[in-house]
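Engineer: Here you go, one structure.
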Amino acid sequence: MKELILEEMQIIENEGATEMVAPLNEMQQKAAIEQQESIEQNDAKSVNTGLFSIKPASQWLDDASKLPTPNMLFSELWFENELCFLFSTTNAGKSILAVQIADSISRGVPIKGFELEAQAQPVLYFDFELSKKQFQKRYSENFKNHYPFDDNLERAEIDPNKEMPEGVSNFENYLCTSLATAIVKKNAKVVIIDNLTFLRSGTETAKDAIPLIKGLKALKDEHQLSILVLGHTPKRDATQPIDKNDLAGSIMLMNFCDSSFAIGTSAKDKNLRYIKQIKARGSEMVYDTENVAICEIVKPTNFLHFEFVEIGAESEHLKLRSKKDKTKLVAEAKQLHSEGKSFRQIAAELGISKSSAENYVKQ
């Protein structure tokens, strides 16, 4: 092998003719041999066993050091190359914040109060929520004076006139395939999907959630994407802090995603929202229950957006449960239990924890 290396480095093939070049000096010969030996040693250490690629831990670190360090896209809440979930109850403003984040990344300008480390880049926003007129209303002044979005931001919505190809009967599968095709053709590296429930009608069960999330993760890894997926929170107890169990299909979704954050509605002011970090792999938990980002939804001209106010405690914005509220919940829990509902089902219907449902039934 060593002789072959030296021979290859000393001979240049040029249209079938061989031209001899100056012999390598001793240092060059030694460097070439050591480089090849290192490659062969690493190849020998790397073992492929079906689904697994096995290497020494030190080699994994060396491989990782050759990859770029992910930049913040929205402070510590979302980094490049992450599959991230943003969830909230209906009308809490998750689409408003998502468009604002997309606008920020497309321009390379951070949202006031948050950090952006990445350069301006293309963003593809799949909007399954708003019609084009509803979108126009949010980003204009009474349908005039449109907000000047950067050309880096492209919005996609389903064309109602297009039909599924012959032989394709499953709409959800065709939708996911079309989504992947659009991402590849547009060469987008940042993708926002609004929202998850449109892609799968049954994301509240593990059976339906797993294929979808695996597909998104495979797409992310294959094309080095940063994906933000918006999700819905079923009915929840507004007196309790937001946690991972509040996302529909939470168990599977939280296991597979890289990061997640949520929007809570303040009980103090209907225009106030708070942003809370739920899961993080690329950083420490910065926006925890004692340090949520308090924001106000405003529209001074033609851009509906979140305006950062301060950092505060989640407990200050939770609803206080009255004695009357609790009495009503206890009665409802007992009624549902008498109908044969399990504690888990009671909890889901009333928006309370399973342990609370059990306690209420036993009172």
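We name chains A, B, ... following the order of the structure tokens; residues begin at 1 in each chain, and ligands are numbered from 1 as shown.
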Phe128 in chain A: which residues within 12 Å, counting only C-alpha atoms, same-chain residues fewer than 3 positions away excluded, as a ChimeraX atom specification?

Structural biologist: /A:95,125,131-132,134-135,155-160,175,179,192-199,229-231

Engineer: From the list A:Asp63, A:Gly93, A:Leu320, A:Cys84, which residue is nearest Glu296 in chain A when using only C-alpha atoms?

Structural biologist: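 Using only C-alpha atoms, the shortest distance to Glu296 in chain A belongs to A:Gly93.
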
Engineer: Considering only strand (DSSP E or B) as DSSP defines it on the backbone, what residues of range 157-325 of chain A qualify? List them as a PyMOL selection string.

Structural biologist: chain A and resi 190-194+226-232+259-265+272-279+292-298+305-312

Engineer: Keeping only N, CA and C atoms, write the selected residues to a file as a short mmCIF file (atom, residue, chain, number, x, y, z; two decimals), in the first residue's frame.

Structural biologist:
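The file below, selection.cif, is the result:
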data_model
loop_
_atom_site.label_atom_id
_atom_site.label_comp_id
_atom_site.auth_asym_id
_atom_site.auth_seq_id
_atom_site.Cartn_x
_atom_site.Cartn_y
_atom_site.Cartn_z
N VAL A 190 -34.53 26.24 6.15
CA VAL A 190 -35.38 26.52 7.31
C VAL A 190 -36.83 26.33 6.88
N VAL A 191 -37.54 25.45 7.60
CA VAL A 191 -38.91 25.10 7.23
C VAL A 191 -39.83 25.25 8.44
N ILE A 192 -40.97 25.89 8.23
CA ILE A 192 -41.96 26.04 9.30
C ILE A 192 -43.27 25.44 8.80
N ILE A 193 -43.86 24.55 9.61
CA ILE A 193 -45.09 23.86 9.24
C ILE A 193 -46.19 24.26 10.20
N ASP A 194 -47.23 24.90 9.67
CA ASP A 194 -48.32 25.44 10.48
C ASP A 194 -49.65 24.83 9.99
N SER A 226 -33.61 22.85 9.33
CA SER A 226 -34.09 23.33 10.63
C SER A 226 -35.61 23.40 10.49
N ILE A 227 -36.33 22.59 11.27
CA ILE A 227 -37.78 22.49 11.10
C ILE A 227 -38.50 22.91 12.38
N LEU A 228 -39.43 23.83 12.23
CA LEU A 228 -40.30 24.24 13.34
C LEU A 228 -41.72 23.80 13.00
N VAL A 229 -42.30 22.99 13.86
CA VAL A 229 -43.66 22.48 13.63
C VAL A 229 -44.58 23.03 14.71
N LEU A 230 -45.69 23.61 14.28
CA LEU A 230 -46.66 24.15 15.24
C LEU A 230 -47.66 23.07 15.62
N GLY A 231 -47.95 22.97 16.90
CA GLY A 231 -48.87 21.96 17.40
C GLY A 231 -49.95 22.57 18.28
N HIS A 232 -50.97 21.79 18.51
CA HIS A 232 -52.13 22.28 19.27
C HIS A 232 -52.16 21.66 20.66
N SER A 259 -36.14 19.93 20.34
CA SER A 259 -36.45 21.03 21.25
C SER A 259 -37.93 21.36 21.14
N SER A 260 -38.40 22.10 22.14
CA SER A 260 -39.81 22.48 22.14
C SER A 260 -40.02 23.68 23.05
N PHE A 261 -40.94 24.56 22.64
CA PHE A 261 -41.35 25.67 23.51
C PHE A 261 -42.83 25.94 23.30
N ALA A 262 -43.43 26.61 24.26
CA ALA A 262 -44.88 26.80 24.24
C ALA A 262 -45.23 28.26 24.53
N ILE A 263 -46.45 28.62 24.14
CA ILE A 263 -46.98 29.95 24.41
C ILE A 263 -48.14 29.81 25.39
N GLY A 264 -48.08 30.57 26.46
CA GLY A 264 -49.16 30.58 27.43
C GLY A 264 -49.89 31.92 27.40
N THR A 265 -51.18 31.90 27.68
CA THR A 265 -51.97 33.13 27.74
C THR A 265 -52.01 33.63 29.17
N LEU A 272 -51.42 39.83 26.80
CA LEU A 272 -50.11 39.33 27.20
C LEU A 272 -49.99 37.83 26.96
N ARG A 273 -48.80 37.41 26.52
CA ARG A 273 -48.47 36.00 26.34
C ARG A 273 -47.12 35.75 27.00
N TYR A 274 -46.88 34.50 27.35
CA TYR A 274 -45.53 34.17 27.83
C TYR A 274 -45.00 32.97 27.06
N ILE A 275 -43.70 32.99 26.81
CA ILE A 275 -43.03 31.94 26.04
C ILE A 275 -42.19 31.12 27.02
N LYS A 276 -42.44 29.81 27.02
CA LYS A 276 -41.78 28.92 27.98
C LYS A 276 -41.07 27.79 27.25
N GLN A 277 -39.84 27.52 27.64
CA GLN A 277 -39.05 26.42 27.08
C GLN A 277 -39.50 25.11 27.72
N ILE A 278 -39.78 24.11 26.87
CA ILE A 278 -40.27 22.82 27.35
C ILE A 278 -39.20 21.74 27.25
N LYS A 279 -38.42 21.75 26.18
CA LYS A 279 -37.37 20.75 25.99
C LYS A 279 -36.19 21.37 25.25
N VAL A 292 -39.87 32.94 32.22
CA VAL A 292 -40.56 32.94 30.94
C VAL A 292 -40.45 34.33 30.30
N ALA A 293 -40.51 34.36 28.97
CA ALA A 293 -40.44 35.64 28.25
C ALA A 293 -41.85 36.20 28.11
N ILE A 294 -42.11 37.33 28.75
CA ILE A 294 -43.43 37.96 28.70
C ILE A 294 -43.49 38.86 27.47
N CYS A 295 -44.51 38.70 26.65
CA CYS A 295 -44.65 39.49 25.44
C CYS A 295 -46.08 40.01 25.31
N GLU A 296 -46.23 41.03 24.49
CA GLU A 296 -47.55 41.58 24.19
C GLU A 296 -47.80 41.47 22.70
N ILE A 297 -49.00 41.09 22.30
CA ILE A 297 -49.33 41.04 20.88
C ILE A 297 -49.78 42.43 20.44
N VAL A 298 -49.06 43.00 19.47
CA VAL A 298 -49.33 44.37 19.04
C VAL A 298 -49.34 44.44 17.50
N HIS A 305 -47.46 41.23 15.62
CA HIS A 305 -46.29 40.53 16.15
C HIS A 305 -46.25 40.53 17.68
N PHE A 306 -45.32 39.71 18.21
CA PHE A 306 -45.04 39.67 19.64
C PHE A 306 -44.00 40.73 19.97
N GLU A 307 -44.28 41.54 20.98
CA GLU A 307 -43.31 42.54 21.43
C GLU A 307 -42.83 42.18 22.82
N PHE A 308 -41.53 41.97 22.94
CA PHE A 308 -40.96 41.55 24.23
C PHE A 308 -41.17 42.64 25.29
N VAL A 309 -41.60 42.20 26.48
CA VAL A 309 -41.84 43.13 27.59
C VAL A 309 -40.81 42.94 28.68
N GLU A 310 -40.70 41.70 29.20
CA GLU A 310 -39.78 41.43 30.28
C GLU A 310 -39.67 39.91 30.51
N ILE A 311 -38.75 39.54 31.40
CA ILE A 311 -38.65 38.17 31.88
C ILE A 311 -39.38 38.09 33.22
N GLY A 312 -40.21 37.08 33.39
CA GLY A 312 -40.97 36.97 34.63
C GLY A 312 -41.24 35.53 35.02
#

Engineer: Set out as a Markdown table a contact list for range 120-162 of chain A and range 181-188 of chain A with a cut-off of 7 Å, giving each residue of range 120-162 of chain A that qualifies its closest atom pair and distance in Å to one decimal, counting only C-alpha atoms, ordered by chain and rising residue number.

Structural biologist:
| residue | atom | partner | partner_atom | distance |
| --- | --- | --- | --- | --- |
| A:Pro122 | CA | A:Ala188 | CA | 5.8 |
| A:Val123 | CA | A:Ala188 | CA | 6.0 |
| A:Leu124 | CA | A:Ala188 | CA | 6.2 |
